[in-house]
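Next up, structure_22.cif (mmCIF, C-alpha atoms):
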```cif
data_final
#
loop_
_atom_site.label_atom_id
_atom_site.label_comp_id
_atom_site.auth_asym_id
_atom_site.auth_seq_id
_atom_site.Cartn_x
_atom_site.Cartn_y
_atom_site.Cartn_z
CA MET W 1179 31.45 -36.31 -101.54
CA LEU W 1180 33.79 -35.18 -98.77
CA ILE W 1181 31.03 -33.19 -97.02
CA LYS W 1182 28.62 -36.16 -97.13
CA LYS W 1183 31.31 -38.46 -95.70
CA ILE W 1184 31.83 -36.03 -92.83
CA ILE W 1185 28.09 -35.74 -92.18
CA LYS W 1186 27.69 -39.53 -92.24
CA ARG W 1187 30.21 -39.76 -89.40
CA ILE W 1188 28.24 -37.44 -87.09
CA PRO W 1189 26.23 -40.14 -85.24
CA SER W 1190 29.45 -42.05 -84.42
CA LEU W 1191 31.04 -38.89 -83.02
CA LEU W 1192 28.43 -38.36 -80.28
CA ARG W 1193 29.75 -37.84 -76.78
CA GLU W 1194 28.22 -36.76 -73.49
CA GLY W 1195 27.14 -33.13 -73.73
CA ILE W 1196 26.57 -31.10 -76.89
CA LEU W 1197 28.31 -31.64 -80.20
CA LEU W 1198 27.72 -28.89 -82.76
CA PHE W 1199 27.35 -29.54 -86.44
CA PHE W 1200 26.77 -26.79 -88.97
CA THR W 1201 23.75 -27.54 -91.12
CA GLY W 1202 24.21 -24.13 -92.68
CA VAL W 1203 27.35 -25.27 -94.46
CA ILE W 1204 25.39 -27.99 -96.23
CA ILE W 1205 22.51 -25.65 -97.04
CA CYS W 1206 25.03 -23.27 -98.54
CA SER W 1207 26.32 -25.98 -100.87
CA TYR W 1208 22.79 -26.44 -102.26
CA CYS W 1209 21.49 -22.90 -102.48
CA SER W 1210 24.60 -20.68 -102.59
CA CYS W 1211 23.46 -18.56 -99.67
CA ASP W 1212 25.15 -16.71 -96.83
CA THR W 1213 24.91 -19.04 -93.80
CA SER W 1214 25.75 -16.18 -91.41
CA LYS W 1215 22.13 -15.11 -91.90
CA LEU W 1216 20.60 -18.57 -91.42
CA THR W 1217 17.69 -18.42 -88.96
CA LEU W 1218 15.36 -21.15 -87.82
CA ILE W 1219 11.61 -20.91 -88.39
CA ASP W 1220 10.58 -24.26 -86.91
CA LEU W 1221 11.65 -27.89 -86.72
CA LEU W 1222 9.78 -31.18 -86.48
CA GLN W 1223 10.56 -34.80 -85.63
CA LEU W 1224 9.15 -36.96 -88.43
CA GLY W 1225 10.41 -40.31 -87.14
CA ASP W 1226 13.36 -42.03 -85.55
CA GLY W 1227 16.43 -40.46 -87.14
CA GLN W 1228 14.51 -37.97 -89.28
CA ILE W 1229 14.15 -34.22 -88.63
CA LEU W 1230 12.49 -31.60 -90.84
CA LEU W 1231 13.75 -28.02 -90.52
CA ALA W 1232 12.20 -24.86 -91.92
CA VAL W 1233 14.89 -22.19 -92.15
CA ASN W 1234 15.16 -18.69 -93.57
CA ASN W 1235 18.23 -17.42 -95.37
CA GLN W 1236 18.37 -13.98 -96.94
CA ASN W 1237 14.56 -13.74 -96.77
CA LYS W 1238 14.08 -17.05 -98.59
CA ASN W 1239 12.54 -20.21 -97.17
CA HIS W 1240 14.30 -23.56 -97.26
CA LEU W 1241 12.97 -26.92 -96.08
CA ILE W 1242 15.75 -29.27 -94.99
CA VAL W 1243 15.51 -32.96 -94.13
CA TYR W 1244 18.14 -34.40 -91.79
CA ARG W 1245 18.04 -38.18 -91.92
CA ASP W 1246 20.61 -40.47 -90.25
CA GLY W 1247 23.58 -38.27 -90.98
CA ILE W 1248 22.48 -37.02 -94.41
CA ILE W 1249 21.20 -33.48 -94.98
CA GLU W 1250 19.22 -32.72 -98.12
CA THR W 1251 16.98 -29.92 -99.32
CA TRP W 1252 13.31 -30.69 -99.82
CA GLY W 1253 11.70 -29.31 -102.97
CA GLU W 1254 12.67 -26.90 -105.72
CA PRO W 1255 12.43 -23.07 -105.37
CA SER W 1256 9.14 -23.05 -107.31
CA PHE W 1257 7.64 -25.43 -104.75
CA LEU W 1258 8.62 -23.11 -101.91
CA ASP W 1259 7.22 -20.11 -103.79
CA ASP W 1260 3.85 -21.88 -103.94
CA LEU W 1261 3.93 -22.40 -100.18
CA GLY W 1262 4.86 -18.82 -99.39
CA GLN W 1263 6.29 -17.81 -96.02
CA ILE W 1264 6.31 -20.78 -93.62
CA LYS W 1265 5.09 -20.10 -90.09
CA LYS W 1266 4.95 -23.46 -88.29
CA LEU W 1267 5.43 -27.22 -88.74
CA THR W 1268 2.97 -29.51 -86.94
CA LYS W 1269 2.86 -33.30 -86.72
CA LEU W 1270 -0.75 -34.47 -86.97
CA THR W 1271 -0.38 -38.27 -86.97
CA GLU W 1272 2.44 -40.78 -87.33
CA SER W 1273 1.91 -40.60 -91.09
CA MET W 1274 0.97 -36.98 -91.75
CA PHE W 1275 2.28 -33.50 -90.91
CA ALA W 1276 1.15 -29.96 -91.68
CA VAL W 1277 3.00 -26.92 -92.99
CA ILE W 1278 1.25 -23.80 -91.69
CA THR W 1279 2.01 -20.72 -93.79
CA GLU W 1280 1.74 -17.01 -93.11
CA LYS W 1281 -0.85 -16.27 -95.80
CA ASN W 1282 -1.62 -19.36 -97.86
CA GLY W 1283 -3.32 -21.62 -95.35
CA ILE W 1284 -2.20 -25.16 -94.46
CA PHE W 1285 -0.59 -27.89 -96.58
CA LEU W 1286 -0.72 -31.53 -95.45
CA TYR W 1287 2.12 -33.90 -96.42
CA PRO W 1288 2.83 -37.61 -95.88
CA ILE W 1289 5.77 -38.47 -93.64
CA LYS W 1290 6.58 -41.70 -95.48
CA ASN W 1291 7.16 -39.96 -98.82
CA ILE W 1292 8.85 -36.90 -97.40
CA THR W 1293 10.56 -36.05 -100.70
CA ASP W 1294 7.19 -35.76 -102.47
CA THR W 1295 6.40 -32.05 -102.80
CA ASN W 1296 2.78 -32.66 -103.79
CA PRO W 1297 0.58 -32.08 -100.73
CA VAL W 1298 -2.08 -34.59 -99.82
CA ILE W 1299 -4.40 -31.66 -99.45
CA HIS W 1300 -4.34 -27.86 -99.30
CA LEU W 1301 -6.57 -26.02 -96.83
CA PRO W 1302 -6.84 -22.50 -98.29
CA VAL W 1303 -7.82 -19.19 -96.70
CA GLU W 1304 -11.03 -18.34 -98.53
CA GLU W 1305 -14.79 -18.26 -98.15
CA ASP W 1306 -16.22 -21.56 -96.90
CA ALA W 1307 -12.73 -22.75 -95.91
CA LEU W 1308 -10.21 -21.35 -93.39
CA ALA W 1309 -11.50 -18.16 -91.78
CA ASP W 1310 -8.26 -16.18 -91.38
CA LYS W 1311 -4.69 -16.21 -92.69
CA ASN W 1312 -3.26 -15.62 -89.19
CA ILE W 1313 -3.26 -19.24 -88.01
CA ARG W 1314 -2.16 -19.95 -84.46
CA ALA W 1315 -2.23 -23.77 -84.42
CA ALA W 1316 -3.84 -26.92 -85.81
CA TYR W 1317 -5.02 -29.96 -83.78
CA PHE W 1318 -5.91 -33.37 -85.17
CA TYR W 1319 -8.93 -35.27 -83.78
CA ASN W 1320 -9.45 -39.03 -84.22
CA TYR W 1321 -12.13 -40.70 -82.10
CA ASN W 1322 -14.34 -43.66 -83.04
CA ASN W 1323 -13.22 -43.37 -86.67
CA VAL W 1324 -14.22 -39.69 -86.81
CA ARG W 1325 -11.31 -37.65 -88.18
CA LYS W 1326 -11.20 -33.87 -87.84
CA LEU W 1327 -8.72 -31.02 -87.90
CA TYR W 1328 -9.31 -28.02 -85.66
CA VAL W 1329 -7.65 -24.73 -86.62
CA ILE W 1330 -7.47 -21.69 -84.33
CA TYR W 1331 -6.33 -18.19 -85.23
CA GLY W 1332 -4.02 -15.57 -83.76
CA THR W 1333 -5.88 -12.38 -84.62
CA PRO W 1334 -6.23 -9.87 -81.73
CA LYS W 1335 -10.00 -10.28 -81.42
CA GLY W 1336 -9.93 -13.90 -82.52
CA SER W 1337 -11.75 -15.74 -85.28
CA GLY W 1338 -12.93 -18.71 -83.26
CA ALA W 1339 -12.02 -22.08 -84.77
CA THR W 1340 -12.51 -23.95 -88.02
CA GLU W 1341 -13.44 -27.63 -87.90
CA ILE W 1342 -12.50 -29.70 -90.98
CA LEU W 1343 -14.14 -33.13 -91.19
CA PHE W 1344 -12.45 -35.82 -93.31
CA LYS W 1345 -13.86 -38.92 -94.98
CA ASN W 1346 -12.18 -41.81 -96.82
CA GLY W 1347 -8.78 -40.94 -95.42
CA TRP W 1348 -7.86 -37.34 -96.16
CA VAL W 1349 -10.74 -36.29 -98.39
CA ILE W 1350 -12.48 -33.19 -97.03
CA ASP W 1351 -16.13 -33.74 -96.16
CA HIS W 1352 -16.87 -30.21 -95.03
CA TYR W 1353 -15.65 -27.12 -93.19
CA ALA W 1354 -17.52 -25.79 -90.15
CA THR W 1355 -17.00 -22.47 -88.37
CA LEU W 1356 -17.03 -22.42 -84.57
CA ASP W 1357 -17.46 -18.94 -83.16
CA THR W 1358 -19.80 -17.04 -80.84
CA THR W 1359 -22.48 -16.71 -83.53
CA SER W 1360 -22.43 -20.27 -84.92
CA SER W 1361 -21.66 -22.24 -81.75
CA GLU W 1362 -21.67 -22.00 -77.96
CA LEU W 1363 -18.09 -20.79 -77.69
CA ARG W 1364 -17.88 -18.08 -75.03
CA SER W 1365 -15.31 -16.07 -77.00
CA ASN W 1366 -13.63 -16.08 -80.40
CA ASN W 1367 -10.21 -15.54 -78.82
CA LEU W 1368 -8.94 -19.11 -78.31
CA ILE W 1369 -5.44 -20.07 -77.17
CA GLN W 1370 -5.53 -23.87 -77.19
CA ILE W 1371 -7.55 -26.97 -78.06
CA GLU W 1372 -7.14 -30.36 -76.37
CA ILE W 1373 -8.81 -33.71 -77.12
CA ASP W 1374 -9.40 -35.97 -74.13
CA MET W 1375 -9.64 -39.76 -73.88
CA LYS W 1376 -13.46 -39.60 -74.13
CA GLY W 1377 -13.39 -37.81 -77.48
CA ASN W 1378 -14.35 -34.44 -75.96
CA THR W 1379 -12.86 -31.28 -77.45
CA TRP W 1380 -11.73 -28.68 -74.90
CA PHE W 1381 -11.24 -24.96 -75.56
CA ASN W 1382 -9.59 -22.33 -73.36
CA TYR W 1383 -9.66 -18.59 -73.85
CA SER W 1384 -7.23 -15.68 -73.67
CA ARG W 1385 -6.29 -14.04 -70.40
CA LYS W 1386 -8.40 -10.96 -71.20
CA GLU W 1387 -11.52 -13.06 -71.65
CA GLU W 1388 -11.51 -14.87 -68.26
CA LYS W 1389 -14.11 -17.32 -69.58
CA GLY W 1390 -12.89 -20.56 -67.98
CA VAL W 1391 -12.99 -23.55 -70.36
CA SER W 1392 -15.55 -25.09 -72.72
CA ARG W 1393 -16.11 -28.74 -73.63
CA LEU W 1394 -17.71 -30.06 -76.82
CA SER W 1395 -18.74 -33.73 -76.67
CA PRO W 1396 -18.66 -36.15 -79.65
CA LYS W 1397 -22.47 -35.83 -79.69
CA GLY W 1398 -22.22 -32.06 -80.17
CA GLU W 1399 -23.19 -31.12 -76.58
CA TRP W 1400 -21.54 -28.10 -74.98
CA VAL W 1401 -20.63 -27.64 -71.30
CA HIS W 1402 -18.82 -24.61 -69.87
CA PHE W 1403 -16.74 -24.73 -66.68
CA ASP W 1404 -15.68 -21.89 -64.45
CA ARG W 1405 -15.25 -21.31 -60.72
CA ASN W 1406 -19.01 -21.50 -60.17
CA ASN W 1407 -19.49 -25.12 -61.31
CA SER W 1408 -16.04 -26.70 -61.01
CA GLU W 1409 -12.79 -26.69 -59.04
CA LEU W 1410 -11.02 -24.43 -61.49
CA PRO W 1411 -9.00 -22.08 -59.28
CA ASP W 1412 -8.92 -19.17 -61.71
CA LYS W 1413 -11.02 -17.52 -64.43
CA PHE W 1414 -8.09 -17.86 -66.84
CA VAL W 1415 -6.78 -21.36 -67.66
CA ARG W 1416 -3.32 -21.20 -69.18
CA TYR W 1417 -2.84 -24.86 -70.18
CA LEU W 1418 -5.03 -27.87 -70.96
CA ARG W 1419 -3.52 -31.35 -70.82
CA SER W 1420 -5.18 -34.71 -71.38
CA GLU W 1421 -3.72 -38.02 -70.32
CA GLY W 1422 -3.06 -40.56 -73.02
CA PRO W 1423 -3.94 -44.26 -72.65
CA ASP W 1424 -0.58 -45.06 -71.02
CA ASP W 1425 -0.07 -41.93 -68.93
CA GLY W 1426 -2.49 -42.68 -66.09
CA VAL W 1427 -1.22 -40.47 -63.25
CA ALA W 1428 -4.32 -41.29 -61.22
CA GLY W 1429 -6.92 -42.41 -63.73
CA ASP W 1430 -8.49 -40.94 -66.87
CA ASN W 1431 -7.85 -37.25 -66.24
CA MET W 1432 -7.95 -33.78 -67.74
CA TRP W 1433 -5.55 -31.28 -66.15
CA PHE W 1434 -5.96 -27.51 -66.02
CA ALA W 1435 -3.06 -25.18 -65.14
CA SER W 1436 -3.47 -21.54 -64.19
CA VAL W 1437 -1.74 -18.79 -62.23
CA SER W 1438 -3.72 -19.97 -59.20
CA GLY W 1439 -2.64 -23.58 -59.40
CA LEU W 1440 -3.67 -26.95 -60.72
CA SER W 1441 -7.06 -28.66 -61.16
CA ARG W 1442 -7.98 -32.17 -62.26
CA LEU W 1443 -11.14 -33.58 -63.79
CA GLU W 1444 -11.24 -37.35 -63.41
CA TYR W 1445 -13.60 -39.54 -65.42
CA ARG W 1446 -14.82 -42.50 -63.38
CA PRO W 1447 -16.71 -45.37 -65.04
CA GLY W 1448 -20.30 -45.67 -63.85
CA GLN W 1449 -21.62 -48.92 -62.37
CA LYS W 1450 -24.03 -51.07 -64.41
CA ASP W 1451 -26.23 -48.71 -66.45
CA GLU W 1452 -24.96 -45.55 -64.77
CA GLU W 1453 -23.25 -42.86 -66.82
CA ASP W 1454 -19.59 -42.13 -66.24
CA ARG W 1455 -19.02 -39.89 -63.25
CA GLU W 1456 -16.86 -36.79 -63.14
CA LYS W 1457 -14.88 -35.75 -60.09
CA TRP W 1458 -13.00 -32.47 -59.69
CA LYS W 1459 -9.93 -31.97 -57.52
CA LEU W 1460 -8.14 -28.70 -56.74
CA TYR W 1461 -4.39 -28.75 -56.02
CA GLY W 1462 -3.84 -25.00 -56.05
CA GLU W 1463 -5.87 -22.38 -54.25
CA ARG W 1464 -8.81 -20.16 -55.05
CA GLU W 1465 -7.84 -16.71 -56.22
CA THR W 1466 -8.20 -14.24 -53.35
CA THR W 1467 -7.55 -10.54 -52.92
CA GLY W 1468 -4.52 -11.34 -50.78
CA GLY W 1469 -3.21 -13.71 -53.43
CA ILE W 1470 -3.57 -11.07 -56.15
CA VAL W 1471 -1.60 -8.56 -54.03
CA ALA W 1472 1.09 -11.14 -53.20
CA ARG W 1473 1.44 -12.07 -56.88
CA ALA W 1474 1.68 -8.39 -57.90
CA MET W 1475 4.49 -7.92 -55.34
CA GLY W 1476 6.31 -11.01 -56.60
CA ILE W 1477 6.21 -12.77 -53.22
CA ARG W 1478 3.35 -15.22 -53.72
CA GLU W 1479 5.55 -18.33 -53.63
CA LEU W 1480 6.84 -17.22 -50.23
CA VAL W 1481 3.42 -17.12 -48.59
CA SER W 1482 1.91 -20.33 -49.95
CA ASP W 1483 2.92 -23.98 -50.32
CA ALA W 1484 0.46 -24.52 -53.19
CA VAL W 1485 1.64 -25.02 -56.76
CA LEU W 1486 1.00 -21.54 -58.17
CA ASP W 1487 1.66 -19.44 -61.26
CA LEU W 1488 2.19 -22.44 -63.52
CA ILE W 1489 3.97 -21.69 -66.78
CA ASP W 1490 4.23 -25.24 -68.16
CA LEU W 1491 2.63 -28.64 -67.71
CA HIS W 1492 3.40 -32.13 -69.09
CA VAL W 1493 1.87 -35.57 -68.53
CA THR W 1494 4.32 -38.42 -69.06
CA ASP W 1495 5.33 -41.83 -67.67
CA LYS W 1496 2.63 -41.85 -64.97
CA LEU W 1497 4.02 -38.55 -63.71
CA LEU W 1498 2.80 -34.98 -63.94
CA LEU W 1499 5.57 -32.43 -64.51
CA MET W 1500 4.91 -28.78 -63.72
CA ALA W 1501 6.92 -25.59 -63.52
CA ASN W 1502 6.56 -22.03 -62.36
CA THR W 1503 9.29 -19.42 -62.62
CA THR W 1504 11.00 -20.64 -59.43
CA GLY W 1505 10.90 -24.42 -59.54
CA VAL W 1506 9.99 -27.75 -61.13
CA TYR W 1507 7.31 -29.95 -59.56
CA THR W 1508 6.63 -33.66 -59.95
CA PHE W 1509 3.27 -35.19 -59.02
CA ASN W 1510 2.55 -38.93 -59.01
CA GLY W 1511 -1.13 -38.68 -58.05
CA ARG W 1512 -0.36 -38.75 -54.35
CA SER W 1513 2.46 -36.34 -53.48
CA ILE W 1514 4.10 -33.28 -54.98
CA ASN W 1515 7.87 -32.67 -54.89
CA ARG W 1516 9.60 -29.42 -55.72
CA PHE W 1517 13.05 -29.07 -57.31
CA ILE W 1518 14.96 -25.80 -57.67
CA PRO W 1519 17.72 -25.67 -60.33
CA ASP W 1520 21.22 -25.43 -58.91
CA SER W 1521 22.87 -22.08 -59.59
CA SER W 1522 24.96 -19.53 -57.75
CA GLY W 1523 22.50 -17.60 -55.64
CA GLY W 1524 19.61 -19.88 -56.58
CA LEU W 1525 17.09 -18.27 -58.93
CA ASN W 1526 17.57 -14.72 -57.69
CA GLU W 1527 18.89 -13.66 -61.08
CA THR W 1528 17.13 -16.08 -63.41
CA GLN W 1529 13.66 -17.49 -63.90
CA ILE W 1530 12.46 -20.74 -65.42
CA ARG W 1531 11.03 -20.16 -68.90
CA ASP W 1532 9.74 -23.64 -69.79
CA ILE W 1533 10.40 -27.35 -69.33
CA ASN W 1534 10.27 -30.55 -71.34
CA TYR W 1535 10.85 -34.24 -70.72
CA ARG W 1536 13.15 -36.83 -72.35
CA ASP W 1537 14.19 -40.32 -71.28
CA GLY W 1538 14.06 -39.71 -67.52
CA TYR W 1539 15.33 -36.12 -67.65
CA VAL W 1540 13.47 -32.82 -67.33
CA ILE W 1541 14.95 -30.13 -69.58
CA VAL W 1542 14.72 -26.76 -67.79
CA LYS W 1543 15.38 -23.50 -69.65
CA THR W 1544 16.00 -20.30 -67.68
CA ARG W 1545 16.37 -16.63 -68.58
CA PRO W 1546 17.95 -13.66 -66.78
CA LEU W 1547 15.38 -11.44 -65.10
CA ALA W 1548 16.75 -8.36 -66.85
CA LYS W 1549 16.51 -9.95 -70.32
CA GLN W 1550 13.29 -11.94 -70.25
CA ASN W 1551 12.45 -11.04 -73.85
CA GLN W 1552 15.90 -11.57 -75.32
CA TYR W 1553 18.09 -14.41 -74.13
CA VAL W 1554 18.02 -17.91 -72.76
CA ASP W 1555 20.57 -17.89 -69.94
CA SER W 1556 21.17 -21.60 -69.52
CA VAL W 1557 19.80 -25.11 -69.64
CA SER W 1558 19.69 -27.50 -66.71
CA LEU W 1559 18.75 -31.17 -66.70
CA LEU W 1560 16.93 -32.79 -63.81
CA ASN W 1561 17.48 -36.53 -63.49
CA ILE W 1562 14.11 -37.57 -62.07
CA LYS W 1563 15.22 -40.94 -60.71
CA LYS W 1564 18.40 -39.66 -59.03
CA ARG W 1565 16.96 -36.20 -58.24
CA LYS W 1566 20.21 -34.72 -59.52
CA TRP W 1567 20.78 -31.51 -61.50
CA ILE W 1568 23.15 -31.26 -64.47
CA LYS W 1569 23.88 -27.85 -65.96
CA VAL W 1570 24.69 -27.35 -69.65
CA LYS W 1571 27.17 -24.52 -70.22
CA LEU W 1572 26.13 -22.85 -73.44
CA TRP W 1573 29.00 -20.38 -73.39
CA GLU W 1574 31.33 -23.21 -74.37
CA PHE W 1575 29.89 -23.09 -77.89
CA ASP W 1576 29.37 -19.39 -78.58
CA LYS W 1577 30.26 -16.14 -76.85
CA ASN W 1578 26.66 -14.96 -77.18
CA TYR W 1579 23.70 -16.47 -75.38
CA PRO W 1580 20.99 -17.84 -77.69
CA ARG W 1581 17.62 -16.13 -77.62
CA ASN W 1582 15.93 -19.52 -77.83
CA ILE W 1583 16.85 -23.19 -77.66
CA TYR W 1584 14.83 -25.99 -79.22
CA PHE W 1585 15.13 -29.58 -78.00
CA ILE W 1586 13.45 -32.22 -80.15
CA PRO W 1587 13.73 -36.05 -79.97
CA TYR W 1588 16.11 -37.56 -82.49
CA LYS W 1589 16.65 -41.12 -81.25
CA LYS W 1590 16.38 -42.74 -77.84
CA GLY W 1591 18.72 -40.94 -75.49
CA ILE W 1592 19.65 -38.30 -78.10
CA ASP W 1593 18.06 -34.94 -78.87
CA PHE W 1594 18.40 -32.73 -81.92
CA VAL W 1595 19.06 -29.17 -80.69
CA ALA W 1596 18.82 -25.78 -82.37
CA LEU W 1597 20.40 -22.69 -80.79
CA ASP W 1598 18.84 -19.55 -82.23
CA TYR W 1599 20.85 -16.32 -81.90
CA ILE W 1600 19.92 -12.69 -82.51
CA ASN W 1601 23.06 -11.49 -84.29
CA SER W 1602 24.51 -14.73 -85.63
CA ALA W 1603 23.34 -17.78 -87.50
CA THR W 1604 21.36 -20.59 -85.90
CA LYS W 1605 23.57 -23.47 -84.80
CA PHE W 1606 22.46 -27.09 -84.60
CA ALA W 1607 23.62 -29.83 -82.28
CA PHE W 1608 23.08 -33.29 -80.89
CA PHE W 1609 22.58 -33.74 -77.17
CA ASP W 1610 23.51 -37.15 -75.79
CA TYR W 1611 22.00 -37.94 -72.39
#
```

Starting from the coordinates I provided, produce the structure as structure tokens.
Amino acid sequence: MLIKKIIKRIPSLLREGILLFFTGVIICSYCSCDTSKLTLIDLLQLGDGQILLAVNNQNKNHLIVYRDGIIETWGEPSFLDDLGQIKKLTKLTESMFAVITEKNGIFLYPIKNITDTNPVIHLPVEEDALADKNIRAAYFYNYNNVRKLYVIYGTPKGSGATEILFKNGWVIDHYATLDTTSSELRSNNLIQIEIDMKGNTWFNYSRKEEKGVSRLSPKGEWVHFDRNNSELPDKFVRYLRSEGPDDGVAGDNMWFASVSGLSRLEYRPGQKDEEDREKWKLYGERETTGGIVARAMGIRELVSDAVLDLIDLHVTDKLLLMANTTGVYTFNGRSINRFIPDSSGGLNETQIRDINYRDGYVIVKTRPLAKQNQYVDSVSLLNIKKRKWIKVKLWEFDKNYPRNIYFIPYKKGIDFVALDYINSATKFAFFDY
């Protein structure tokens, strides 16, 4: 009772900055485990004031629901044994999420009845179902009342994609394999799928493939884009981003980020009986021999004003947010502004790892150059409206730097944060903007 009373008080204790609370202590009270070995697998926002965490403790999985100050375990040990090792949590719709496992396929669960351990449906790894146990990601498609789930795989040579068509809600109609033998995919090694506002499905390929991007229309028609028939600046497209109905940076757009910059495909409504028109725009630069040499020497940003070597891309609030290792860029459809995080000596010793956006702030994570594969050095916040940087000092909470930091929306103006360490347990926090 005392622990629950303390947990219930957490929301009222929020202050500016980070306030740690130790979920591990509560997990320990339920499962009698050593919280010094608590590590995070993944976490997911289910709704306002509700977070689902997949954690590992002493080689055992635990699913934890944090809801408005109360922490509770989800499911009995036998339920977790049926799932097997959890790999990833993915929100598909406002009412459904997926648990992706290491070997046992995908389980779909309703968000409303989160305590119900019976899945709505199980997508197994077997003949005429999922093609491979090594699942990279799942993407939900809903256009003109057609509901699909696309699954891509993380095997070295790739397994293409699996398309699952649903009918009458979440009843499976059929599975379909999309690979180089059964479809017009240019390669089986896929890294991302994106659905645009026209109901098209976009695919991009691994860096080794250099195959550009492919588009599958709702009518089943394929089109492939590369530097020969589009304004894609590079053979390898790192990120695909589609604007939602309220994003509208400059129209109905698809954005393509690569090491050579940024491209946009804008859909323009046709007049009278004309078909919709498509217009490409390049904001980066075409890959050249000089650019390749400059990039190899690490001086490309010094010899070009273009937005190059993009490592992250977000579309939000009628603004495009981009980042490369040296800066954050904002683009409103007309002009591009660059912001460099404040630090002693600039970014000579650290590089931007990725960015995200919350309530008017850009969250910027950086890592030391010498430890790119180990530690997150620090977090900085960019107030977009005021163009002001705020640095979060992680060393106030632990002597060690975390190897990764997860920010996920909790409520308006507040994020749920997980700090994942190599040699100590994961710590959890609230961040109040």

Practice item. Have a look at W:Ile1219, W:Leu1267, W:Leu1499, W:Tyr1611 and name the one nearest to Lys1238 (chain W); count all atoms listed in the file. Key: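 The shortest atom-to-atom distance to Lys1238 (chain W) comes from W:Ile1219.
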
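Take the candidates W:His1240, W:Arg1314, W:Lys1376, W:Lys1457 and check each one against Pro1396 (chain W) using all atoms listed in the file; the shortest distance goes to W:Lys1376.
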
Exercise for review: Could you please determine the separation between CA of Leu1440 (chain W) and CA of Asn1515 (chain W) in Å, to one decimal place?
Suggested key: 14.1 Å

Check your understanding: Where does the PyMOL selection byres ((chain W and resi 1352) around 6) land in this file, that is, which residues does it pick, as a list of chain:residue names?
Key -> W:Ile1342, W:Leu1343, W:Ile1350, W:Asp1351, W:Tyr1353

Write out as a CSV table (one decimal) with C-alpha atoms, in the coordinates of the input which residues come within 8 Å of Thr1604 (chain W) when counting only C-alpha atoms, dropping same-chain ones fewer than 5 positions away.
```
chain,number,residue,atom,x,y,z
W,1216,LEU,CA,20.6,-18.6,-91.4
W,1217,THR,CA,17.7,-18.4,-89.0
W,1218,LEU,CA,15.4,-21.2,-87.8
W,1596,ALA,CA,18.8,-25.8,-82.4
W,1597,LEU,CA,20.4,-22.7,-80.8
W,1598,ASP,CA,18.8,-19.6,-82.2
W,1599,TYR,CA,20.8,-16.3,-81.9
```

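As for CA of Ser1556 (chain W) and CA of Val1485 (chain W), they are spaced 23.6 Å apart.
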
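When the PyMOL selection byres ((chain W and resi 1392) around 9) is evaluated against the file, it yields Glu1362, Leu1363, Arg1364, Thr1379, Trp1380, Phe1381, Asn1382, Tyr1383, Lys1389, Gly1390, Val1391, Arg1393, Leu1394, Trp1400, Val1401, His1402, Phe1403 and Asp1404 of chain W.
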
Quick one: residues within 12 Å of Leu1560 (chain W), only C-alpha atoms counted, chain neighbours fewer than 4 positions away excluded, as a PDB file with C-alpha atoms, in the coordinates of the input?
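File produced: part-v7.pdb:
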```pdb
ATOM      1  CA  LEU W1499       5.570 -32.430 -64.510  1.00  0.00           C
ATOM      2  CA  GLY W1505      10.900 -24.420 -59.540  1.00  0.00           C
ATOM      3  CA  VAL W1506       9.990 -27.750 -61.130  1.00  0.00           C
ATOM      4  CA  TYR W1507       7.310 -29.950 -59.560  1.00  0.00           C
ATOM      5  CA  THR W1508       6.630 -33.660 -59.950  1.00  0.00           C
ATOM      6  CA  ARG W1516       9.600 -29.420 -55.720  1.00  0.00           C
ATOM      7  CA  PHE W1517      13.050 -29.070 -57.310  1.00  0.00           C
ATOM      8  CA  ILE W1518      14.960 -25.800 -57.670  1.00  0.00           C
ATOM      9  CA  PRO W1519      17.720 -25.670 -60.330  1.00  0.00           C
ATOM     10  CA  ASP W1520      21.220 -25.430 -58.910  1.00  0.00           C
ATOM     11  CA  ILE W1533      10.400 -27.350 -69.330  1.00  0.00           C
ATOM     12  CA  ASN W1534      10.270 -30.550 -71.340  1.00  0.00           C
ATOM     13  CA  TYR W1535      10.850 -34.240 -70.720  1.00  0.00           C
ATOM     14  CA  ARG W1536      13.150 -36.830 -72.350  1.00  0.00           C
ATOM     15  CA  ASP W1537      14.190 -40.320 -71.280  1.00  0.00           C
ATOM     16  CA  GLY W1538      14.060 -39.710 -67.520  1.00  0.00           C
ATOM     17  CA  TYR W1539      15.330 -36.120 -67.650  1.00  0.00           C
ATOM     18  CA  VAL W1540      13.470 -32.820 -67.330  1.00  0.00           C
ATOM     19  CA  ILE W1541      14.950 -30.130 -69.580  1.00  0.00           C
ATOM     20  CA  VAL W1542      14.720 -26.760 -67.790  1.00  0.00           C
ATOM     21  CA  LYS W1543      15.380 -23.500 -69.650  1.00  0.00           C
ATOM     22  CA  LYS W1564      18.400 -39.660 -59.030  1.00  0.00           C
ATOM     23  CA  ARG W1565      16.960 -36.200 -58.240  1.00  0.00           C
ATOM     24  CA  LYS W1566      20.210 -34.720 -59.520  1.00  0.00           C
ATOM     25  CA  TRP W1567      20.780 -31.510 -61.500  1.00  0.00           C
ATOM     26  CA  ILE W1568      23.150 -31.260 -64.470  1.00  0.00           C
ATOM     27  CA  LYS W1569      23.880 -27.850 -65.960  1.00  0.00           C
ATOM     28  CA  VAL W1570      24.690 -27.350 -69.650  1.00  0.00           C
ATOM     29  CA  TYR W1611      22.000 -37.940 -72.390  1.00  0.00           C
TER      30      TYR W1611
END
```

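Note that the spacing between CA of Asn1235 (chain W) and CA of Lys1215 (chain W) amounts to 5.7 Å.
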
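Compared by their closest atoms to Leu1498 (chain W), and using all atoms listed in the file, the residues W:Glu1421, W:Asp1246, W:Asp1454, W:Glu1388 rank with W:Glu1421 nearest.
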